[in-house]
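Trainee: To start, I am sharing the structure in question, which I have written as structure tokens.
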Amino acid sequence: MFNFDISKIVQLLQFDKRDPLLFGSSLFFLLFIGVLVILQLLNKNVKLKFAFLTLFSFYFYYKASGALVSVLAAVAVGTYILALGIRKFQNTGVRRLLLILGLLGNIGALGYFKYTNFILQAIAQAQQKPFEALQIIVPLGISFYVFKAISYLFDVYWEFFEEDHSFWDFLLYITFFTNLLSGPIDRATSFIPQLKQNPTDSLTNEDIGRALFLIMLGLLKKYVIADYIGLNLVDRVFDAPVRFTGIENLIALYGYTLQIFCDFSGYTDMAIGIALLMGFRLMENFNFPYKATSVADFWRRWHISLSSWLQDYLFKPIQLSVRRMRILGNIIAIVVTFIICGVWHGASWGFIIWGALHAFYMSFSVLIKVPKTFIYEKLHITKLKVLPVIQTIITFHLIMFAWLFFRMPNLDAVKEVLNQMVTFLKPDVAIQFIGAYPVIIVLMVIGYVLHFLPGKVYQFIESLVIKAPLSVRIVMVTVVIWIVSQFRFADIVPFIYFQF
Amino acid sequence: MISDKMKAAILKELKLKEFDIQDTTLANQVPGWDSLNHINVILAIEKEFAVKFKSIEVLKCKNLGDLQKLVDSKLPQ
């Protein structure tokens, strides 16, 4: 009979930093089915249902972060107490003081865990002293939930909540497991009102179809395209760029540009889909970002929950306070916002340069806006159908160039890649490369073609899945799981965005 | 309700001939009113009504109806 070893199951469910509950893992799949069953059993008692979801969310975080679950709890409790003060006090000075305390506490926690060693190292380098890193473990996803907490503080301070809410409502918002580690950085003003009723009451058959579509799409993007290209192309080339020709470095850069999109958007597609299966509607996070016709347009389509957060809580306050400087005011706000956007992604100069490069792109386009419009009108090209195509191609390559700083470990490595492209391109190697790695090329072509499909074609495919009957849905999910299992590796490639 | 004067100031700044602006209209629903143009529209309204806003007063506006109320609160009764 079965040799049932309970200690192994306990071990499997315990904290293991190398084995967080990734959405694509079998353990998550099994636990999530259990969660759905329990939610169904508790369906008549909404408070119990939410309490269970909060508990499961804490467990989800414990599984990935162990004792650091206390940081999440401290951020939640501290933020709520200060926000409660802001809600209760009428005095502007007191409210502002509580807001500042809340911001300092949250930014302080984020700064301590993520940036202490980076700052100490920079100081040591400046003083030409040896540097020994402090043993600080960064809690997974801290950038995401701290940003959720900050947005909550601002929304309370600006009186954006139309209805009252409790600590338990806020606790579920901040800990909600589907977007806890990797976003979308949902807003409390959109999430908490959903807790006023049973979220599954408004769940339609079409919503379930859409949720399954997003989960299947996310699985394919993350585990088939992103992981395969990442492991077999991007990592190999970028780990030692000088061993490869310029054309291979270039193909790897196109590969990374697709990988980072499929990795991150695939994971948030799953997060949104899983939340929707439980009746919760999270904000959209990606909208075909590489179809953007300008860098500003890219930021309206890429990591929308972060870019809109930065716009609402950083860019706009700075911009309004220096508005009398007009264009210069806009540029100051852009530079500060994008440098912080870079820093948010991690403690390294590569991220800061990546942010600065986007700040440069945006500032440059602000400065040339008037002459550009004038020239376009003089040349009568504003209504040319080919214009947005050219703009998209240029924007795509500007974004792709910036990704190089995001991906490479240091500036020397960036120089190596660029040097290979300029001095050792060897374009004829591309033919050999395509012949040697057909799966990589096919996946890249599929990834890019799907991304650049006309919106109507994409919506048609989406509607076919959404409106499919139950039997067809089961077949589709089975096929997707089979395909994913064929592409899964012995060692799962870690999700890029957890580190942020 | 959005006053004709405010609507005219917004349309003029954004070089629009006509656009239906209601209390519930959001800034980003008005053509040309993007995040970069935001300050130009706010400055145009301040100039038109000879008022000055605090940054937080503008940030608290959820829609154009709120912005109209803010302008009204600044005008002599």
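We label chains A, B, ... in the order they appear in the structure tokens, count residues from 1 in each chain, and number ligands from 1 in the order shown.
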Up to 7 Å from chain B, what residues of chain A turn up? Count only C-alpha atoms and give them as a ChimeraX atom specification.

Mentor: /A:158,317,320-321,323,330

Trainee: Create the file for the chosen residues now, containing N, CA, C and O atoms and written as a CSV table (one decimal), in the first residue's frame.

Mentor:
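Ended up saving to part.csv:
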```
chain,number,residue,atom,x,y,z
A,158,TRP,N,-5.9,62.3,1.0
A,158,TRP,CA,-6.6,63.1,0.0
A,158,TRP,C,-8.1,62.8,0.0
A,158,TRP,O,-8.9,63.3,-0.8
A,317,PRO,N,2.5,65.5,-7.8
A,317,PRO,CA,2.8,66.4,-6.7
A,317,PRO,C,4.0,67.3,-7.0
A,317,PRO,O,4.0,68.5,-6.8
A,320,LEU,N,3.1,69.8,-10.0
A,320,LEU,CA,2.2,70.9,-9.6
A,320,LEU,C,2.9,71.9,-8.7
A,320,LEU,O,2.7,73.1,-8.8
A,321,SER,N,3.8,71.4,-7.9
A,321,SER,CA,4.5,72.3,-7.0
A,321,SER,C,5.5,73.2,-7.8
A,321,SER,O,5.9,74.3,-7.3
A,323,ARG,N,4.9,74.1,-11.1
A,323,ARG,CA,4.2,74.3,-12.4
A,323,ARG,C,4.5,75.6,-13.0
A,323,ARG,O,4.4,75.7,-14.3
A,330,ASN,N,8.1,70.4,-15.8
A,330,ASN,CA,7.8,69.0,-16.3
A,330,ASN,C,9.1,68.1,-16.3
A,330,ASN,O,9.1,67.0,-15.9
```

Trainee: Hey, what's within 12 Å of Ser3 (chain B) if we count only C-alpha atoms and toss same-chain stuff fewer than 6 positions away? As a count of residues only, please?

Mentor: 15

Trainee: Excluding Pro31 (chain B) and residues on its chain fewer than 3 positions from it, collect all residues at most 10 Å away from it, counting only C-alpha atoms, and give them as number ranges by chain.

Mentor: B: 11, 14-16, 19, 27-28, 34

Trainee: Could you save those same residues with C-alpha atoms as a PDB file, in the first residue's frame?

Mentor:
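What landed in out-v7.pdb:
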```pdb
ATOM      1  CA  LEU B  11     -10.910  74.144 -24.720  1.00  0.00           C
ATOM      2  CA  LEU B  14      -6.093  72.346 -25.441  1.00  0.00           C
ATOM      3  CA  LYS B  15      -6.901  73.902 -28.833  1.00  0.00           C
ATOM      4  CA  LEU B  16     -10.209  72.039 -29.034  1.00  0.00           C
ATOM      5  CA  PHE B  19     -15.883  68.787 -26.292  1.00  0.00           C
ATOM      6  CA  ALA B  27      -9.017  64.986 -17.062  1.00  0.00           C
ATOM      7  CA  ASN B  28      -7.560  62.152 -19.121  1.00  0.00           C
ATOM      8  CA  ASP B  34      -2.345  64.272 -20.647  1.00  0.00           C
TER       9      ASP B  34
END
```

Trainee: Would you give me, as JSON, numbers by chain, the residues in region 134-324 of chain A that DSSP reads as alpha helix (DSSP H)?

Mentor: {"A": [142, 143, 144, 145, 146, 147, 148, 149, 150, 151, 152, 153, 154, 155, 156, 157, 167, 168, 169, 170, 171, 172, 173, 174, 175, 188, 189, 190, 191, 205, 206, 207, 208, 209, 210, 211, 212, 213, 214, 215, 216, 217, 218, 219, 227, 228, 229, 235, 236, 237, 238, 239, 246, 247, 248, 249, 250, 251, 252, 253, 254, 255, 256, 257, 258, 259, 260, 261, 262, 263, 264, 265, 266, 267, 268, 269, 270, 271, 272, 273, 274, 275, 276, 277, 295, 296, 297, 298, 299, 300, 301, 304, 305, 306, 307, 308, 309, 310, 316, 317, 318, 319, 320, 321]}

Trainee: Considering only C-alpha atoms, give me a table of residues in region 316-429 of chain A that are at most 10 Å from region 300-309 of chain A, with the closest atom pair and distance in Å for each, as CSV.

Mentor:
```
residue,atom,partner,partner_atom,distance
A:Thr337,CA,A:Ser307,CA,9.5
A:Phe338,CA,A:Ser307,CA,9.6
A:Cys341,CA,A:Ser307,CA,8.4
A:Trp344,CA,A:Leu306,CA,9.9
```

Trainee: Kindly save the residues from that selection, with N, CA and C atoms included, as a CSV table (one decimal), in the first residue's frame.

Mentor:
```
chain,number,residue,atom,x,y,z
A,337,THR,N,11.1,61.4,-11.1
A,337,THR,CA,10.2,60.2,-11.1
A,337,THR,C,11.0,59.0,-11.7
A,338,PHE,N,11.7,59.2,-12.8
A,338,PHE,CA,12.3,58.0,-13.5
A,338,PHE,C,13.5,57.6,-12.7
A,341,CYS,N,12.0,55.5,-10.2
A,341,CYS,CA,11.5,54.3,-10.8
A,341,CYS,C,12.7,53.3,-11.0
A,344,TRP,N,13.6,52.0,-7.5
A,344,TRP,CA,12.6,51.0,-7.0
A,344,TRP,C,12.9,49.6,-7.5
```

Trainee: Measure the distance from CA of His451 (chain A) to CA of Pro289 (chain A) in Å and round it to one decimal.

Mentor: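 Between CA of His451 (chain A) and CA of Pro289 (chain A) the gap works out to 8.7 Å.
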
Trainee: Give me, as a VMD selection string, all polymer residues having an atom no more than 10 Å from Phe144 (chain A), counting only C-alpha atoms and skipping those fewer than 5 positions away in the same chain.

Mentor: chain A and resid 110 149 174 179 to 186 306 344 498 500

Trainee: Please dump the current selection as a CSV table (one decimal), in the first residue's frame; keep all heavy atoms.

Mentor:
```csv
chain,number,residue,atom,x,y,z
A,110,LEU,N,11.6,50.0,3.4
A,110,LEU,CA,12.1,49.6,2.1
A,110,LEU,C,13.6,49.9,1.9
A,110,LEU,O,14.3,49.1,1.4
A,110,LEU,CB,11.2,50.4,1.1
A,110,LEU,CG,11.4,50.1,-0.4
A,110,LEU,CD1,11.1,48.6,-0.7
A,110,LEU,CD2,10.6,51.0,-1.3
A,149,ALA,N,1.0,50.3,0.5
A,149,ALA,CA,0.7,50.9,1.8
A,149,ALA,C,0.8,52.5,1.6
A,149,ALA,O,0.0,53.2,2.1
A,149,ALA,CB,1.7,50.5,2.8
A,174,ILE,N,-3.8,44.6,1.7
A,174,ILE,CA,-2.3,44.7,1.6
A,174,ILE,C,-1.7,43.3,1.5
A,174,ILE,O,-0.6,43.2,1.0
A,174,ILE,CB,-1.8,45.5,2.9
A,174,ILE,CG1,-0.4,46.0,2.6
A,174,ILE,CG2,-1.8,44.7,4.1
A,174,ILE,CD1,-0.3,47.4,2.3
A,179,ASN,N,-1.5,39.3,-5.7
A,179,ASN,CA,-0.6,40.4,-6.2
A,179,ASN,C,0.4,40.8,-5.2
A,179,ASN,O,1.0,41.9,-5.3
A,179,ASN,CB,-1.4,41.6,-6.7
A,179,ASN,CG,-2.3,42.2,-5.6
A,179,ASN,OD1,-2.5,41.6,-4.6
A,179,ASN,ND2,-2.8,43.3,-5.9
A,180,LEU,N,0.6,40.0,-4.2
A,180,LEU,CA,1.5,40.3,-3.0
A,180,LEU,C,3.0,40.4,-3.4
A,180,LEU,O,3.7,41.3,-3.0
A,180,LEU,CB,1.3,39.3,-1.9
A,180,LEU,CG,2.1,39.5,-0.6
A,180,LEU,CD1,1.8,40.8,0.0
A,180,LEU,CD2,1.8,38.3,0.4
A,181,LEU,N,3.4,39.5,-4.2
A,181,LEU,CA,4.8,39.4,-4.5
A,181,LEU,C,5.2,40.1,-5.8
A,181,LEU,O,6.4,40.4,-6.0
A,181,LEU,CB,5.3,37.9,-4.6
A,181,LEU,CG,5.1,37.1,-3.4
A,181,LEU,CD1,5.6,35.7,-3.6
A,181,LEU,CD2,5.9,37.7,-2.2
A,182,SER,N,4.3,40.3,-6.7
A,182,SER,CA,4.7,40.8,-8.0
A,182,SER,C,3.7,41.8,-8.7
A,182,SER,O,3.8,42.0,-9.9
A,182,SER,CB,5.0,39.6,-9.0
A,182,SER,OG,3.8,38.9,-9.1
A,183,GLY,N,2.8,42.3,-7.9
A,183,GLY,CA,1.8,43.2,-8.5
A,183,GLY,C,0.7,42.5,-9.2
A,183,GLY,O,0.7,41.2,-9.2
A,184,PRO,N,-0.2,43.2,-9.8
A,184,PRO,CA,-0.3,44.6,-10.0
A,184,PRO,C,-0.4,45.3,-8.6
A,184,PRO,O,-1.0,44.8,-7.7
A,184,PRO,CB,-1.6,44.9,-10.8
A,184,PRO,CG,-2.0,43.6,-11.3
A,184,PRO,CD,-1.4,42.5,-10.4
A,185,ILE,N,0.2,46.5,-8.5
A,185,ILE,CA,0.1,47.3,-7.3
A,185,ILE,C,-1.3,48.0,-7.3
A,185,ILE,O,-1.5,49.1,-7.7
A,185,ILE,CB,1.2,48.4,-7.3
A,185,ILE,CG1,2.6,47.8,-7.6
A,185,ILE,CG2,1.3,49.2,-6.0
A,185,ILE,CD1,3.7,48.8,-7.8
A,186,ASP,N,-2.2,47.2,-6.9
A,186,ASP,CA,-3.6,47.6,-6.9
A,186,ASP,C,-3.9,48.7,-5.9
A,186,ASP,O,-3.2,48.8,-4.9
A,186,ASP,CB,-4.5,46.3,-6.6
A,186,ASP,CG,-5.8,46.4,-7.3
A,186,ASP,OD1,-5.9,46.8,-8.4
A,186,ASP,OD2,-6.8,46.1,-6.6
A,306,LEU,N,2.4,50.3,-11.7
A,306,LEU,CA,3.6,51.1,-11.2
A,306,LEU,C,3.6,52.5,-11.8
A,306,LEU,O,3.8,53.5,-11.1
A,306,LEU,CB,4.9,50.4,-11.4
A,306,LEU,CG,6.1,51.2,-11.0
A,306,LEU,CD1,6.2,51.4,-9.5
A,306,LEU,CD2,7.4,50.5,-11.5
A,344,TRP,N,13.6,52.0,-7.5
A,344,TRP,CA,12.6,51.0,-7.0
A,344,TRP,C,12.9,49.6,-7.5
A,344,TRP,O,12.7,48.6,-6.8
A,344,TRP,CB,11.2,51.5,-7.5
A,344,TRP,CG,10.1,50.6,-7.1
A,344,TRP,CD1,9.4,50.7,-5.9
A,344,TRP,CD2,9.5,49.5,-7.8
A,344,TRP,NE1,8.4,49.7,-5.9
A,344,TRP,CE2,8.5,48.9,-7.0
A,344,TRP,CE3,9.8,48.9,-9.0
A,344,TRP,CZ2,7.8,47.8,-7.4
A,344,TRP,CZ3,9.1,47.8,-9.4
A,344,TRP,CH2,8.0,47.3,-8.6
A,498,PHE,N,10.4,39.2,-8.7
A,498,PHE,CA,10.4,39.0,-7.3
A,498,PHE,C,11.4,39.8,-6.5
A,498,PHE,O,11.3,40.3,-5.5
A,498,PHE,CB,10.6,37.5,-6.9
A,498,PHE,CG,9.4,36.7,-7.0
A,498,PHE,CD1,9.5,35.3,-7.0
A,498,PHE,CD2,8.1,37.3,-7.1
A,498,PHE,CE1,8.3,34.5,-7.1
A,498,PHE,CE2,7.0,36.5,-7.2
A,498,PHE,CZ,7.1,35.1,-7.3
A,500,PHE,N,12.5,42.6,-7.0
A,500,PHE,CA,12.2,44.0,-6.8
A,500,PHE,C,11.3,44.2,-5.5
A,500,PHE,O,11.1,45.3,-5.1
A,500,PHE,CB,11.5,44.6,-8.0
A,500,PHE,CG,12.2,44.4,-9.3
A,500,PHE,CD1,11.5,44.0,-10.4
A,500,PHE,CD2,13.6,44.5,-9.3
A,500,PHE,CE1,12.2,43.8,-11.6
A,500,PHE,CE2,14.3,44.2,-10.4
A,500,PHE,CZ,13.6,43.9,-11.6
```

Trainee: Which of these residues is nearest to Lys221 (chain A), using only C-alpha atoms: A:Val480, A:Ala67, A:Leu120, A:Leu39?

Mentor: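 Checking each candidate against Lys221 (chain A), we get A:Val480 as the closest.
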
Trainee: Can you tell me, as a VMD selection string, what residues are no more than 12 Å from region 9-21 of chain A when counting only C-alpha atoms, ignoring any on the same chain fewer than 5 positions away?

Mentor: chain A and resid 4 26 to 32 56 to 69 137 to 141 177 to 178 180 to 181 491 to 495 498

Trainee: Could you write out that same residue set with N, CA, C and O atoms as a compact mmCIF listing (two decimals), in the first residue's frame?

Mentor:
```txt
# COMPACT_ATOMS: atom_id res chain seq x y z
N PHE A 4 2.87 6.42 3.49
CA PHE A 4 2.46 7.81 3.72
C PHE A 4 3.35 8.46 4.78
O PHE A 4 3.35 8.04 5.94
N SER A 26 3.10 22.83 -8.98
CA SER A 26 2.04 21.86 -8.69
C SER A 26 1.47 22.10 -7.30
O SER A 26 0.26 21.97 -7.08
N LEU A 27 2.36 22.47 -6.34
CA LEU A 27 1.88 22.69 -4.97
C LEU A 27 0.88 23.84 -4.92
O LEU A 27 -0.17 23.73 -4.28
N PHE A 28 1.19 24.93 -5.64
CA PHE A 28 0.24 26.04 -5.64
C PHE A 28 -1.08 25.61 -6.26
O PHE A 28 -2.15 25.93 -5.75
N PHE A 29 -0.99 24.86 -7.36
CA PHE A 29 -2.19 24.40 -8.06
C PHE A 29 -3.10 23.61 -7.11
O PHE A 29 -4.29 23.86 -7.01
N LEU A 30 -2.47 22.68 -6.36
CA LEU A 30 -3.24 21.85 -5.43
C LEU A 30 -3.83 22.71 -4.30
O LEU A 30 -5.01 22.59 -3.96
N LEU A 31 -2.98 23.58 -3.71
CA LEU A 31 -3.47 24.42 -2.61
C LEU A 31 -4.58 25.36 -3.08
O LEU A 31 -5.56 25.59 -2.37
N PHE A 32 -4.43 25.88 -4.30
CA PHE A 32 -5.43 26.83 -4.79
C PHE A 32 -6.78 26.14 -5.01
O PHE A 32 -7.83 26.73 -4.74
N PHE A 56 -4.77 32.71 4.49
CA PHE A 56 -4.05 32.02 3.43
C PHE A 56 -2.97 32.92 2.83
O PHE A 56 -1.87 32.47 2.49
N SER A 57 -3.30 34.22 2.71
CA SER A 57 -2.32 35.16 2.15
C SER A 57 -1.09 35.24 3.04
O SER A 57 0.04 35.29 2.54
N PHE A 58 -1.31 35.27 4.36
CA PHE A 58 -0.16 35.28 5.29
C PHE A 58 0.64 33.99 5.13
O PHE A 58 1.87 34.02 5.14
N TYR A 59 -0.06 32.85 4.98
CA TYR A 59 0.66 31.59 4.78
C TYR A 59 1.47 31.63 3.49
O TYR A 59 2.64 31.22 3.45
N PHE A 60 0.86 32.15 2.42
CA PHE A 60 1.52 32.28 1.11
C PHE A 60 2.83 33.06 1.27
O PHE A 60 3.86 32.69 0.71
N TYR A 61 2.76 34.14 2.06
CA TYR A 61 3.96 34.96 2.26
C TYR A 61 4.98 34.25 3.14
O TYR A 61 6.18 34.30 2.89
N TYR A 62 4.47 33.55 4.17
CA TYR A 62 5.36 32.78 5.06
C TYR A 62 6.13 31.73 4.25
O TYR A 62 7.33 31.54 4.43
N LYS A 63 5.44 31.08 3.32
CA LYS A 63 6.06 30.00 2.52
C LYS A 63 7.27 30.54 1.74
O LYS A 63 8.25 29.84 1.52
N ALA A 64 7.17 31.81 1.34
CA ALA A 64 8.27 32.40 0.56
C ALA A 64 9.28 33.12 1.43
O ALA A 64 10.45 33.23 1.07
N SER A 65 8.84 33.64 2.58
CA SER A 65 9.72 34.54 3.33
C SER A 65 9.95 34.15 4.78
O SER A 65 10.69 34.86 5.48
N GLY A 66 9.32 33.11 5.29
CA GLY A 66 9.54 32.66 6.67
C GLY A 66 9.22 33.74 7.69
O GLY A 66 8.17 34.39 7.62
N ALA A 67 10.17 33.97 8.60
CA ALA A 67 9.94 34.90 9.71
C ALA A 67 9.75 36.34 9.22
O ALA A 67 9.19 37.17 9.95
N LEU A 68 10.16 36.61 7.99
CA LEU A 68 10.01 37.98 7.47
C LEU A 68 8.54 38.34 7.21
O LEU A 68 8.24 39.46 6.82
N VAL A 69 7.66 37.38 7.45
CA VAL A 69 6.22 37.68 7.39
C VAL A 69 5.90 38.77 8.42
O VAL A 69 4.94 39.52 8.27
N ILE A 137 18.49 40.25 4.79
CA ILE A 137 17.70 39.49 3.81
C ILE A 137 16.52 40.36 3.39
O ILE A 137 15.77 40.87 4.23
N VAL A 138 16.39 40.54 2.08
CA VAL A 138 15.30 41.39 1.58
C VAL A 138 14.00 40.59 1.56
O VAL A 138 13.94 39.54 0.94
N PRO A 139 12.96 41.08 2.26
CA PRO A 139 11.68 40.37 2.20
C PRO A 139 11.12 40.40 0.78
O PRO A 139 11.10 41.46 0.15
N LEU A 140 10.69 39.24 0.29
CA LEU A 140 10.18 39.17 -1.09
C LEU A 140 9.01 40.13 -1.29
O LEU A 140 8.15 40.24 -0.42
N GLY A 141 9.04 40.80 -2.43
CA GLY A 141 7.89 41.64 -2.81
C GLY A 141 7.71 42.88 -1.95
O GLY A 141 6.67 43.54 -2.05
N PHE A 177 -2.95 37.57 -1.62
CA PHE A 177 -1.81 36.78 -2.08
C PHE A 177 -1.55 36.84 -3.58
O PHE A 177 -0.40 36.69 -4.01
N THR A 178 -2.58 37.08 -4.38
CA THR A 178 -2.32 36.98 -5.83
C THR A 178 -1.38 38.08 -6.33
O THR A 178 -0.59 37.86 -7.22
N LEU A 180 0.60 39.96 -4.15
CA LEU A 180 1.48 40.33 -3.03
C LEU A 180 2.95 40.41 -3.44
O LEU A 180 3.67 41.32 -3.04
N LEU A 181 3.40 39.46 -4.24
CA LEU A 181 4.84 39.38 -4.54
C LEU A 181 5.25 40.09 -5.82
O LEU A 181 6.42 40.39 -6.00
N ASP A 491 15.22 22.71 -13.11
CA ASP A 491 15.33 23.88 -12.24
C ASP A 491 14.51 25.00 -12.84
O ASP A 491 14.78 25.43 -13.97
N ILE A 492 13.54 25.47 -12.07
CA ILE A 492 12.70 26.54 -12.59
C ILE A 492 13.49 27.84 -12.60
O ILE A 492 14.20 28.14 -11.65
N VAL A 493 13.37 28.59 -13.70
CA VAL A 493 14.04 29.88 -13.77
C VAL A 493 13.32 30.82 -12.81
O VAL A 493 12.10 30.93 -12.87
N PRO A 494 14.03 31.49 -11.91
CA PRO A 494 13.33 32.35 -10.96
C PRO A 494 12.65 33.51 -11.66
O PRO A 494 13.13 33.98 -12.69
N PHE A 495 11.54 33.93 -11.10
CA PHE A 495 10.79 35.03 -11.67
C PHE A 495 11.55 36.34 -11.47
O PHE A 495 11.92 36.70 -10.35
N PHE A 498 10.43 39.16 -8.71
CA PHE A 498 10.39 38.97 -7.26
C PHE A 498 11.45 39.81 -6.54
O PHE A 498 11.25 40.28 -5.45
```
